[in-house]
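Student: Data: target-v3.pdb, PDB, C-alpha atoms.
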ATOM      1  CA  ASP W 688      -3.999 -19.185  -6.239  1.00  0.00           C
ATOM      2  CA  ALA W 689      -1.255 -17.704  -4.122  1.00  0.00           C
ATOM      3  CA  GLY W 690      -2.620 -16.065  -0.982  1.00  0.00           C
ATOM      4  CA  ILE W 691      -3.154 -12.582  -2.379  1.00  0.00           C
ATOM      5  CA  THR W 692      -6.285 -10.516  -1.975  1.00  0.00           C
ATOM      6  CA  GLN W 693      -7.028  -7.056  -3.253  1.00  0.00           C
ATOM      7  CA  SER W 694      -9.651  -4.661  -1.983  1.00  0.00           C
ATOM      8  CA  PRO W 695     -11.841  -3.228  -3.185  1.00  0.00           C
ATOM      9  CA  ARG W 696     -12.351  -5.271  -6.344  1.00  0.00           C
ATOM     10  CA  HIS W 697     -14.279  -2.483  -8.039  1.00  0.00           C
ATOM     11  CA  LYS W 698     -14.412   1.213  -7.328  1.00  0.00           C
ATOM     12  CA  VAL W 699     -15.949   4.234  -9.003  1.00  0.00           C
ATOM     13  CA  THR W 700     -14.799   7.615  -7.806  1.00  0.00           C
ATOM     14  CA  GLU W 701     -14.738  11.212  -8.918  1.00  0.00           C
ATOM     15  CA  THR W 702     -11.851  13.313 -10.144  1.00  0.00           C
ATOM     16  CA  GLY W 703      -9.928  14.941  -7.311  1.00  0.00           C
ATOM     17  CA  THR W 704     -10.846  12.457  -4.595  1.00  0.00           C
ATOM     18  CA  PRO W 705      -8.234  10.373  -2.763  1.00  0.00           C
ATOM     19  CA  VAL W 706      -8.315   6.622  -3.316  1.00  0.00           C
ATOM     20  CA  THR W 707      -6.490   3.824  -1.494  1.00  0.00           C
ATOM     21  CA  LEU W 708      -6.195   0.291  -2.795  1.00  0.00           C
ATOM     22  CA  ARG W 709      -5.091  -2.527  -0.531  1.00  0.00           C
ATOM     23  CA  CYS W 710      -3.093  -5.639  -1.262  1.00  0.00           C
ATOM     24  CA  HIS W 711      -2.894  -8.339   1.390  1.00  0.00           C
ATOM     25  CA  GLN W 712      -0.755 -11.483   1.241  1.00  0.00           C
ATOM     26  CA  THR W 713      -0.568 -14.557   3.438  1.00  0.00           C
ATOM     27  CA  GLU W 714       2.618 -15.978   1.860  1.00  0.00           C
ATOM     28  CA  ASN W 715       5.126 -13.914   3.872  1.00  0.00           C
ATOM     29  CA  HIS W 716       6.863 -12.957   0.615  1.00  0.00           C
ATOM     30  CA  ARG W 717       9.426 -10.186   0.735  1.00  0.00           C
ATOM     31  CA  TYR W 718       8.642  -8.420  -2.526  1.00  0.00           C
ATOM     32  CA  MET W 719       5.353  -6.751  -3.399  1.00  0.00           C
ATOM     33  CA  TYR W 720       4.423  -4.828  -6.538  1.00  0.00           C
ATOM     34  CA  TRP W 721       1.683  -2.615  -7.896  1.00  0.00           C
ATOM     35  CA  TYR W 722       0.968  -2.642 -11.641  1.00  0.00           C
ATOM     36  CA  ARG W 723      -1.617  -1.008 -13.812  1.00  0.00           C
ATOM     37  CA  GLN W 724      -2.996  -2.718 -16.897  1.00  0.00           C
ATOM     38  CA  ASP W 725      -4.280  -0.716 -19.844  1.00  0.00           C
ATOM     39  CA  PRO W 726      -5.142  -1.792 -23.394  1.00  0.00           C
ATOM     40  CA  GLY W 727      -2.150  -1.417 -25.681  1.00  0.00           C
ATOM     41  CA  HIS W 728       0.254  -0.972 -22.787  1.00  0.00           C
ATOM     42  CA  GLY W 729       0.285  -4.327 -21.077  1.00  0.00           C
ATOM     43  CA  LEU W 730       1.323  -4.276 -17.437  1.00  0.00           C
ATOM     44  CA  ARG W 731       3.306  -1.316 -16.186  1.00  0.00           C
ATOM     45  CA  LEU W 732       4.998  -1.156 -12.802  1.00  0.00           C
ATOM     46  CA  ILE W 733       3.876   1.682 -10.534  1.00  0.00           C
ATOM     47  CA  HIS W 734       5.788   1.030  -7.304  1.00  0.00           C
ATOM     48  CA  TYR W 735       7.328  -1.929  -5.578  1.00  0.00           C
ATOM     49  CA  SER W 736       8.492  -2.887  -2.114  1.00  0.00           C
ATOM     50  CA  TYR W 737      11.431  -5.029  -1.061  1.00  0.00           C
ATOM     51  CA  GLY W 738      10.625  -5.034   2.640  1.00  0.00           C
ATOM     52  CA  VAL W 739       8.694  -3.283   5.368  1.00  0.00           C
ATOM     53  CA  LYS W 740       9.049   0.470   4.856  1.00  0.00           C
ATOM     54  CA  ASP W 741      11.309  -0.150   1.825  1.00  0.00           C
ATOM     55  CA  THR W 742       9.727   0.981  -1.425  1.00  0.00           C
ATOM     56  CA  ASP W 743      10.848   2.281  -4.784  1.00  0.00           C
ATOM     57  CA  LYS W 744       9.334   3.799  -7.909  1.00  0.00           C
ATOM     58  CA  GLY W 745       8.468   1.961 -11.071  1.00  0.00           C
ATOM     59  CA  GLU W 746       8.086   3.316 -14.588  1.00  0.00           C
ATOM     60  CA  VAL W 747       4.689   5.033 -14.069  1.00  0.00           C
ATOM     61  CA  SER W 748       4.837   6.296 -10.479  1.00  0.00           C
ATOM     62  CA  ASP W 749       3.671   9.901 -10.993  1.00  0.00           C
ATOM     63  CA  GLY W 750       0.438  10.564  -9.090  1.00  0.00           C
ATOM     64  CA  TYR W 751       0.786   7.456  -6.919  1.00  0.00           C
ATOM     65  CA  SER W 752       2.259   6.762  -3.494  1.00  0.00           C
ATOM     66  CA  VAL W 753       2.651   3.538  -1.556  1.00  0.00           C
ATOM     67  CA  SER W 754       3.180   2.364   1.980  1.00  0.00           C
ATOM     68  CA  ARG W 755       4.142  -0.907   3.564  1.00  0.00           C
ATOM     69  CA  SER W 756       4.007  -0.948   7.360  1.00  0.00           C
ATOM     70  CA  LYS W 757       3.599  -4.725   7.644  1.00  0.00           C
ATOM     71  CA  THR W 758       4.968  -7.598   5.576  1.00  0.00           C
ATOM     72  CA  GLU W 759       1.487  -8.659   4.533  1.00  0.00           C
ATOM     73  CA  ASP W 760       0.026  -5.319   3.434  1.00  0.00           C
ATOM     74  CA  PHE W 761       0.962  -2.995   0.572  1.00  0.00           C
ATOM     75  CA  LEU W 762      -1.192   0.071   0.019  1.00  0.00           C
ATOM     76  CA  LEU W 763      -1.447   2.123  -3.165  1.00  0.00           C
ATOM     77  CA  THR W 764      -2.776   5.678  -2.818  1.00  0.00           C
ATOM     78  CA  LEU W 765      -3.952   8.052  -5.477  1.00  0.00           C
ATOM     79  CA  GLU W 766      -3.783  11.388  -3.670  1.00  0.00           C
ATOM     80  CA  SER W 767      -6.083  13.143  -6.130  1.00  0.00           C
ATOM     81  CA  ALA W 768      -7.540  10.782  -8.703  1.00  0.00           C
ATOM     82  CA  THR W 769      -7.607  11.792 -12.357  1.00  0.00           C
ATOM     83  CA  SER W 770      -9.424  10.223 -15.309  1.00  0.00           C
ATOM     84  CA  SER W 771      -6.079   9.025 -16.695  1.00  0.00           C
ATOM     85  CA  GLN W 772      -5.810   6.756 -13.652  1.00  0.00           C
ATOM     86  CA  THR W 773      -8.865   4.771 -14.717  1.00  0.00           C
ATOM     87  CA  SER W 774      -7.382   1.313 -15.078  1.00  0.00           C
ATOM     88  CA  VAL W 775      -7.181  -2.197 -13.704  1.00  0.00           C
ATOM     89  CA  TYR W 776      -4.672  -2.403 -10.873  1.00  0.00           C
ATOM     90  CA  PHE W 777      -2.857  -5.612 -10.009  1.00  0.00           C
ATOM     91  CA  CYS W 778      -0.816  -6.419  -6.968  1.00  0.00           C
ATOM     92  CA  ALA W 779       1.896  -9.063  -7.230  1.00  0.00           C
ATOM     93  CA  ILE W 780       4.162 -10.784  -4.743  1.00  0.00           C
ATOM     94  CA  SER W 781       7.447 -12.602  -5.042  1.00  0.00           C
ATOM     95  CA  GLY W 782       9.601 -14.542  -2.652  1.00  0.00           C
ATOM     96  CA  SER W 783      12.627 -14.156  -4.897  1.00  0.00           C
ATOM     97  CA  LEU W 784      13.638 -12.087  -7.862  1.00  0.00           C
ATOM     98  CA  ALA W 785      11.967 -14.556 -10.184  1.00  0.00           C
ATOM     99  CA  GLU W 786       8.369 -15.727 -10.229  1.00  0.00           C
ATOM    100  CA  GLN W 787       5.667 -13.204  -9.420  1.00  0.00           C
ATOM    101  CA  PHE W 788       2.173 -14.184  -8.289  1.00  0.00           C
ATOM    102  CA  PHE W 789      -0.616 -11.804  -9.163  1.00  0.00           C
ATOM    103  CA  GLY W 790      -3.753 -10.888  -7.273  1.00  0.00           C
ATOM    104  CA  PRO W 791      -7.261 -10.790  -8.823  1.00  0.00           C
ATOM    105  CA  GLY W 792      -7.100  -7.077  -9.668  1.00  0.00           C
ATOM    106  CA  THR W 793      -9.055  -3.924  -8.816  1.00  0.00           C
ATOM    107  CA  ARG W 794     -11.026  -2.147 -11.501  1.00  0.00           C
ATOM    108  CA  LEU W 795     -10.924   1.597 -10.819  1.00  0.00           C
ATOM    109  CA  THR W 796     -13.029   4.107 -12.708  1.00  0.00           C
ATOM    110  CA  VAL W 797     -12.426   7.826 -12.206  1.00  0.00           C
ATOM    111  CA  LEU W 798     -15.273   9.973 -13.504  1.00  0.00           C
TER     112      LEU W 798
ATOM    113  CA  GLN E 670       9.999   3.429 -24.321  1.00  0.00           C
ATOM    114  CA  GLN E 671       8.808  -0.158 -24.434  1.00  0.00           C
ATOM    115  CA  GLN E 672      11.544  -2.372 -23.020  1.00  0.00           C
ATOM    116  CA  VAL E 673       9.954  -5.527 -24.388  1.00  0.00           C
ATOM    117  CA  LYS E 674       8.175  -5.529 -27.743  1.00  0.00           C
ATOM    118  CA  GLN E 675       5.551  -8.208 -28.352  1.00  0.00           C
ATOM    119  CA  SER E 676       3.774  -9.316 -31.504  1.00  0.00           C
ATOM    120  CA  PRO E 677       1.219  -9.986 -32.802  1.00  0.00           C
ATOM    121  CA  GLN E 678      -1.388  -8.025 -30.883  1.00  0.00           C
ATOM    122  CA  SER E 679      -3.999 -10.656 -31.660  1.00  0.00           C
ATOM    123  CA  LEU E 680      -3.931 -14.163 -33.056  1.00  0.00           C
ATOM    124  CA  ILE E 681      -6.598 -16.556 -34.284  1.00  0.00           C
ATOM    125  CA  VAL E 682      -5.682 -20.223 -34.617  1.00  0.00           C
ATOM    126  CA  GLN E 683      -7.653 -23.334 -35.479  1.00  0.00           C
ATOM    127  CA  LYS E 684      -7.924 -26.069 -32.888  1.00  0.00           C
ATOM    128  CA  GLY E 685      -4.921 -28.357 -33.198  1.00  0.00           C
ATOM    129  CA  GLY E 686      -2.768 -25.698 -34.805  1.00  0.00           C
ATOM    130  CA  ILE E 687       0.402 -24.049 -33.547  1.00  0.00           C
ATOM    131  CA  SER E 688       0.235 -20.620 -31.905  1.00  0.00           C
ATOM    132  CA  ILE E 689       3.404 -18.530 -32.036  1.00  0.00           C
ATOM    133  CA  ILE E 690       3.944 -15.281 -30.140  1.00  0.00           C
ATOM    134  CA  ASN E 691       7.153 -13.301 -30.441  1.00  0.00           C
ATOM    135  CA  CYS E 692       8.989 -10.900 -28.173  1.00  0.00           C
ATOM    136  CA  ALA E 693      12.128  -8.811 -28.571  1.00  0.00           C
ATOM    137  CA  TYR E 694      14.219  -6.882 -26.075  1.00  0.00           C
ATOM    138  CA  GLU E 695      17.154  -4.493 -26.130  1.00  0.00           C
ATOM    139  CA  ASN E 696      18.678  -4.632 -22.650  1.00  0.00           C
ATOM    140  CA  THR E 697      21.336  -7.351 -22.620  1.00  0.00           C
ATOM    141  CA  ALA E 698      21.282  -7.284 -18.812  1.00  0.00           C
ATOM    142  CA  PHE E 699      17.939  -9.104 -18.821  1.00  0.00           C
ATOM    143  CA  ASP E 700      18.396 -12.683 -17.733  1.00  0.00           C
ATOM    144  CA  TYR E 701      14.951 -14.000 -16.872  1.00  0.00           C
ATOM    145  CA  PHE E 702      12.178 -14.274 -19.447  1.00  0.00           C
ATOM    146  CA  PRO E 703       8.759 -15.460 -18.246  1.00  0.00           C
ATOM    147  CA  TRP E 704       5.501 -15.859 -20.112  1.00  0.00           C
ATOM    148  CA  TYR E 705       2.220 -15.156 -18.364  1.00  0.00           C
ATOM    149  CA  GLN E 706      -1.287 -16.293 -19.284  1.00  0.00           C
ATOM    150  CA  GLN E 707      -4.309 -14.197 -18.350  1.00  0.00           C
ATOM    151  CA  PHE E 708      -7.972 -15.114 -18.584  1.00  0.00           C
ATOM    152  CA  PRO E 709     -10.675 -12.412 -18.564  1.00  0.00           C
ATOM    153  CA  GLY E 710     -11.312 -11.037 -15.102  1.00  0.00           C
ATOM    154  CA  LYS E 711      -8.274 -12.772 -13.622  1.00  0.00           C
ATOM    155  CA  GLY E 712      -4.729 -11.819 -12.773  1.00  0.00           C
ATOM    156  CA  PRO E 713      -1.844 -13.047 -14.949  1.00  0.00           C
ATOM    157  CA  ALA E 714      -0.418 -16.449 -14.043  1.00  0.00           C
ATOM    158  CA  LEU E 715       3.070 -17.705 -14.785  1.00  0.00           C
ATOM    159  CA  LEU E 716       3.021 -20.179 -17.657  1.00  0.00           C
ATOM    160  CA  ILE E 717       6.665 -20.933 -18.397  1.00  0.00           C
ATOM    161  CA  ALA E 718      10.001 -19.130 -18.046  1.00  0.00           C
ATOM    162  CA  ILE E 719      13.521 -19.383 -19.417  1.00  0.00           C
ATOM    163  CA  ARG E 720      16.988 -18.111 -18.603  1.00  0.00           C
ATOM    164  CA  PRO E 721      19.485 -17.272 -21.386  1.00  0.00           C
ATOM    165  CA  ASP E 722      21.785 -20.204 -20.696  1.00  0.00           C
ATOM    166  CA  VAL E 723      19.446 -22.471 -22.699  1.00  0.00           C
ATOM    167  CA  SER E 724      17.931 -22.004 -26.160  1.00  0.00           C
ATOM    168  CA  GLU E 725      14.692 -23.877 -25.558  1.00  0.00           C
ATOM    169  CA  LYS E 726      12.453 -24.942 -22.723  1.00  0.00           C
ATOM    170  CA  LYS E 727       9.432 -27.182 -23.070  1.00  0.00           C
ATOM    171  CA  GLU E 728       6.614 -27.847 -20.641  1.00  0.00           C
ATOM    172  CA  GLY E 729       3.844 -29.970 -22.074  1.00  0.00           C
ATOM    173  CA  ARG E 730       2.401 -28.226 -25.127  1.00  0.00           C
ATOM    174  CA  PHE E 731       4.202 -24.959 -24.336  1.00  0.00           C
ATOM    175  CA  THR E 732       7.731 -24.215 -25.568  1.00  0.00           C
ATOM    176  CA  ILE E 733       9.910 -21.132 -25.238  1.00  0.00           C
ATOM    177  CA  SER E 734      12.532 -20.617 -27.922  1.00  0.00           C
ATOM    178  CA  PHE E 735      15.298 -18.191 -27.010  1.00  0.00           C
ATOM    179  CA  ASN E 736      17.754 -16.526 -29.401  1.00  0.00           C
ATOM    180  CA  LYS E 737      20.297 -14.618 -27.352  1.00  0.00           C
ATOM    181  CA  SER E 738      22.202 -13.130 -30.290  1.00  0.00           C
ATOM    182  CA  ALA E 739      19.003 -11.772 -31.842  1.00  0.00           C
ATOM    183  CA  LYS E 740      17.610 -10.727 -28.439  1.00  0.00           C
ATOM    184  CA  GLN E 741      14.359 -12.477 -29.214  1.00  0.00           C
ATOM    185  CA  PHE E 742      12.253 -15.134 -27.571  1.00  0.00           C
ATOM    186  CA  SER E 743       9.006 -16.743 -28.537  1.00  0.00           C
ATOM    187  CA  LEU E 744       6.211 -18.876 -27.135  1.00  0.00           C
ATOM    188  CA  HIS E 745       4.963 -21.832 -29.138  1.00  0.00           C
ATOM    189  CA  ILE E 746       1.705 -23.528 -28.187  1.00  0.00           C
ATOM    190  CA  MET E 747       1.427 -26.880 -29.889  1.00  0.00           C
ATOM    191  CA  ASP E 748      -1.936 -28.560 -30.555  1.00  0.00           C
ATOM    192  CA  SER E 749      -3.738 -25.362 -29.542  1.00  0.00           C
ATOM    193  CA  GLN E 750      -7.046 -25.875 -27.734  1.00  0.00           C
ATOM    194  CA  PRO E 751     -10.056 -23.581 -27.193  1.00  0.00           C
ATOM    195  CA  GLY E 752      -9.134 -23.538 -23.493  1.00  0.00           C
ATOM    196  CA  ASP E 753      -5.865 -21.828 -24.457  1.00  0.00           C
ATOM    197  CA  SER E 754      -7.848 -18.763 -25.546  1.00  0.00           C
ATOM    198  CA  ALA E 755      -6.446 -16.020 -23.321  1.00  0.00           C
ATOM    199  CA  THR E 756      -4.101 -13.050 -23.335  1.00  0.00           C
ATOM    200  CA  TYR E 757      -0.408 -13.879 -23.199  1.00  0.00           C
ATOM    201  CA  PHE E 758       2.296 -11.558 -21.923  1.00  0.00           C
ATOM    202  CA  CYS E 759       6.026 -11.916 -22.247  1.00  0.00           C
ATOM    203  CA  ALA E 760       8.277 -10.226 -19.730  1.00  0.00           C
ATOM    204  CA  ALA E 761      11.919  -9.688 -18.890  1.00  0.00           C
ATOM    205  CA  SER E 762      13.863  -8.853 -15.764  1.00  0.00           C
ATOM    206  CA  LYS E 763      17.362  -8.619 -14.416  1.00  0.00           C
ATOM    207  CA  ASN E 764      18.424 -11.079 -11.759  1.00  0.00           C
ATOM    208  CA  THR E 765      19.924  -8.279  -9.740  1.00  0.00           C
ATOM    209  CA  GLY E 766      16.915  -6.006 -10.065  1.00  0.00           C
ATOM    210  CA  ASN E 767      13.337  -5.906  -8.924  1.00  0.00           C
ATOM    211  CA  GLN E 768      11.614  -4.595 -12.009  1.00  0.00           C
ATOM    212  CA  PHE E 769       9.788  -6.733 -14.524  1.00  0.00           C
ATOM    213  CA  TYR E 770       9.101  -5.298 -17.951  1.00  0.00           C
ATOM    214  CA  PHE E 771       6.077  -6.678 -19.741  1.00  0.00           C
ATOM    215  CA  GLY E 772       5.150  -6.799 -23.389  1.00  0.00           C
ATOM    216  CA  THR E 773       1.838  -5.317 -24.500  1.00  0.00           C
ATOM    217  CA  GLY E 774       0.085  -8.668 -24.690  1.00  0.00           C
ATOM    218  CA  THR E 775      -1.310 -10.990 -27.365  1.00  0.00           C
ATOM    219  CA  SER E 776      -4.958 -11.962 -27.409  1.00  0.00           C
ATOM    220  CA  LEU E 777      -5.159 -15.578 -28.582  1.00  0.00           C
ATOM    221  CA  THR E 778      -8.385 -17.091 -29.846  1.00  0.00           C
ATOM    222  CA  VAL E 779      -8.469 -20.786 -30.679  1.00  0.00           C
ATOM    223  CA  ILE E 780     -11.395 -21.683 -32.923  1.00  0.00           C
ATOM    224  CA  PRO E 781     -12.962 -25.131 -32.390  1.00  0.00           C
TER     225      PRO E 781
END
Write out the structure in this file as structure tokens.

Tutor:
Amino acid sequence: DAGITQSPRHKVTETGTPVTLRCHQTENHRYMYWYRQDPGHGLRLIHYSYGVKDTDKGEVSDGYSVSRSKTEDFLLTLESATSSQTSVYFCAISGSLAEQFFGPGTRLTVL
Amino acid sequence: QQQVKQSPQSLIVQKGGISIINCAYENTAFDYFPWYQQFPGKGPALLIAIRPDVSEKKEGRFTISFNKSAKQFSLHIMDSQPGDSATYFCAASKNTGNQFYFGTGTSLTVIP
């Protein structure tokens, strides 16, 4: 596996609480991505980063924010979690605009 | 709106048979078409990819067929094995962009 870790791997939280998911890479890749995976929807891009402090929105960015202060770390924050944000979240990295390597995922449940 | 449409949603194939998964897209600016394989509890992993300058790419038992005029591409798994049982995703992206658009996935079950 590419050097990508995600933490936590599982989290249960309550509606209205803030949640931060962390993606850490050891590959020194420029591009980092956050996706959510839901049955019937496949993988949908939330936000991505093309460098330190350079981020942009994906197709399902509402309710999410991201930060990248170091090449190796990309954080996804749910400011006020809602039940619709219950999902499996995947981080991915890419050294070019081609192949993406995915992390192991974080299963988030919002009660 | 789904940028990449994938079918079927699920597929059951006998061991040794051929598995075929289809995808279609609308945006003619897409120029990179990967297929990902995902096992339960794991992240997707790149299986094989094609660019539109070729009509077919083969790697072992896996083949991508690409029809640029029809804006369709498909994954063929020859001599399917129980170990191929997984979820398969097609995707598309633009070389000048950073966004990948994924299909909704196909759950493949290969029966021994």

Student: Please produce, as CSV, a per-residue contact table for range 677-753 of chain E versus range 772-788 of chain W (criterion: any atom at most 12 Å away, all atoms listed in the file considered), showing the nearest atom pair and its distance in Å to one decimal, sorted by chain then residue number.

Tutor:
residue,atom,partner,partner_atom,distance
E:Phe699,CA,W:Ala785,CA,11.8
E:Asp700,CA,W:Ala785,CA,10.1
E:Tyr701,CA,W:Ala785,CA,7.3
E:Phe702,CA,W:Ala785,CA,9.3
E:Pro703,CA,W:Glu786,CA,8.0
E:Trp704,CA,W:Glu786,CA,10.3
E:Tyr705,CA,W:Gln787,CA,9.8
E:Gln706,CA,W:Phe788,CA,11.7
E:Gln707,CA,W:Phe788,CA,12.0
E:Pro709,CA,W:Val775,CA,11.8
E:Gly710,CA,W:Val775,CA,9.9
E:Lys711,CA,W:Phe777,CA,9.7
E:Gly712,CA,W:Phe777,CA,7.0
E:Pro713,CA,W:Phe788,CA,7.9
E:Ala714,CA,W:Phe788,CA,6.7
E:Leu715,CA,W:Glu786,CA,7.3
E:Leu716,CA,W:Glu786,CA,10.2
E:Ile717,CA,W:Glu786,CA,9.8
E:Ala718,CA,W:Glu786,CA,8.7
E:Ile719,CA,W:Ala785,CA,10.5
E:Arg720,CA,W:Ala785,CA,10.4

Student: To verify the selection step, state as an MDAnalysis selection string which residues the ChimeraX specification (/E :<12) & /W yields on this input.

Tutor: chainID W and resid 688:689 691:693 696:697 717:738 742:747 775:794

Student: Return the single residue from E:Val723, E:Ile780, E:Ile681, E:Ile687 that is closest to Asn736 in chain E, with distances computed using only C-alpha atoms.

Tutor: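 When distances to Asn736 in chain E are compared using only C-alpha atoms, the smallest one comes from E:Val723.
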
Student: Could you tell me which of W:Ala768, W:Gln712, W:Glu759, W:Ser752 comes closest to Leu798 in chain W if we count all atoms listed in the file?

Tutor: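 Of W:Ala768, W:Gln712, W:Glu759, W:Ser752, the one nearest Leu798 in chain W, counting all atoms listed in the file, is W:Ala768.
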
Student: Go through E:Ser738, E:Ser724, E:Leu680, E:Arg730 and flag the residue nearest Thr697 in chain E, using all atoms listed in the file for the distances.

Tutor: E:Ser738

Student: The PyMOL selection byres ((chain W and resi 765) around 6) - which residues does that actually catch in the file I just gave you? List them as a VMD selection string.

Tutor: chain W and resid 705 to 706 751 764 766 to 768

Student: Do you have the CA of Pro721 in chain E-CA of Ile746 in chain E distance handy?

Tutor: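 Result for CA of Pro721 in chain E versus CA of Ile746 in chain E: 20.0 Å, one decimal.
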
Student: When the PyMOL selection byres ((chain E and resi 693) around 9) is applied to the structure above, which residues does it catch, written out as a list in words?

Tutor: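 Evaluating the PyMOL selection byres ((chain E and resi 693) around 9) on this file yields Gln672, Val673, Lys674, Gln675, Ser676, Asn691, Cys692, Tyr694, Glu695, Ala739, Lys740, Gln741, Phe742, Ser743 and Gly772 of chain E.
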
Student: Around range 738-741 of chain W, with edges along x, y and z and 4 Å added on all six sides, what centre and edge lengths do you get, in Å to one decimal, as lines of an AutoDock Vina configuration file?

Tutor:
center_x = 10.0
center_y = -2.3
center_z = 3.6
size_x = 10.6
size_y = 13.5
size_z = 11.5

Student: Work out how far CA of Met747 in chain E is from CA of Glu728 in chain E, in Å to one decimal.

Tutor: 10.6 Å

Student: Take CA of His745 in chain E and CA of Asn696 in chain E and report the distance between them in Å, one decimal.

Tutor: 22.9 Å
